[in-house]
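Inspection log for the structure reproduced underneath, given as structure tokens.
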Amino acid sequence: MPTFMRAVLVREPGGPEQLLLGEAERPEPASDELLVKVAATAVNRADTLQRQGKYPPPKGASPLLGLEMAGEVVAVGAAVTRHQVGDRVFGLLPGGGYAEYAVIHEQMALPMPDEWSYAEAAAVPEVFLTAFQALMWLGELQAGEQVLIHAGASGVGTAAIQLAKAMEATVLVTASAGKHALCRELGADHTIDYQQGPFAPEVQQRTGGRGVDLIVDFIAAPYFSQNISLLKTDGRLVLLATLGGGKVDELDLRTVLSRRLSIKGSTLRARSRAYQIRLTEAFQEFAFNRLREGQLRPVIDRVLPWSQAAEAHRLMEANENAGKIILSIEE
């Protein structure tokens, strides 16, 4: 097997035009890892930030872009017991998905259902694990509660809508009007056009003035005051990104105290491998049969060859996608 492989490289930090197909050293699996020939990967916001030089990979992770992959196992470490050469697997990575080969811990690799394409499998790990963590582990969502999901047509948003409905919650989402139909198709009970002004009044109207139990947000600063105003007593706000900015000018902390609010933040990529393994196993137990039976499904906006990685990044940064943008690794 060659010691080098093709991979998407970043010439220097900057715009999408800095991406190019080149060569990188092929990784070697550790004793508890699999070497996977990658068939498909997917684009995430973290990839665009890393390309800009704003989000370096965790210590020890591959410097290549790509937080998820689907492919075929071509070699296994000496201590591997769960998988064998020839298995089709998919899973979450700390980096390295934009390449012909990637390594993954055997407990992070999920078996692909026979009927799935590699593109479908590659569309699952990052968004579904992020959404599952936000709703169940951080947000502690319970049946009968109401959850507001911002960016409902994003990759994580489309996963979160489906998971929240599987958890028997009432789902409200914000999204541009053109993406409302998709959100409702996935199970959203109420859709709100954030481009038409503040979303809080409509959320209050849709909830009879009671507000919501949980909010999952990626925008941060511009939405923070409205989010706090919408939370019921013992409500929870889970922040997953700061796409709109990270600094809030003014906040009346008395609201947080009087309503016993919880505010949590999380970046999944920086979590320990042990945490990610536990999360993967919990997600598999909750969701795998639902995914296999079609009760949950990955939402794919489009599939592009990895030679068009720059275009894929441009589309994501322009918010032109609804669901995942997949990169197919060409032979």
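Following the order of the structure tokens, first chain is A, next is B, and so on, with residues numbered from 1 inside each chain and ligands from 1 in the order they appear.
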Checklist entry - Quick one: DSSP alpha helix (DSSP H) residues in segment 146-327 of chain A, as number ranges by chain? => result A: 155-166, 180-186, 200-206, 221-230, 253-258, 273-292, 309-317
Checklist entry - Neighbours of segment 304-307 of chain A within 12 Å (only C-alpha atoms; same-chain residues fewer than 4 positions away dropped), as a PyMOL selection string? => result chain A and resi 6-9+17+19-22+38-43+65-66+97-100+119+300+311-313+315+324-331
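If you look at atom CA of Glu145 of chain A and atom CA of Asp213 of chain A, they are 6.1 Å away from each other.
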Checklist entry - Pick the closest to Ile263 of chain A from A:Gly139, A:Pro16, A:Gly86, A:Gly60: which is it, counting only C-alpha atoms? => result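 Once distances to Ile263 of chain A are computed over only C-alpha atoms, the minimum belongs to A:Gly139.
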Item to check | Pick from A:Tyr55, A:Tyr194, A:Tyr275, A:Phe4 nearest to Trp137 of chain A, counting only C-alpha atoms | outcome: A:Tyr275
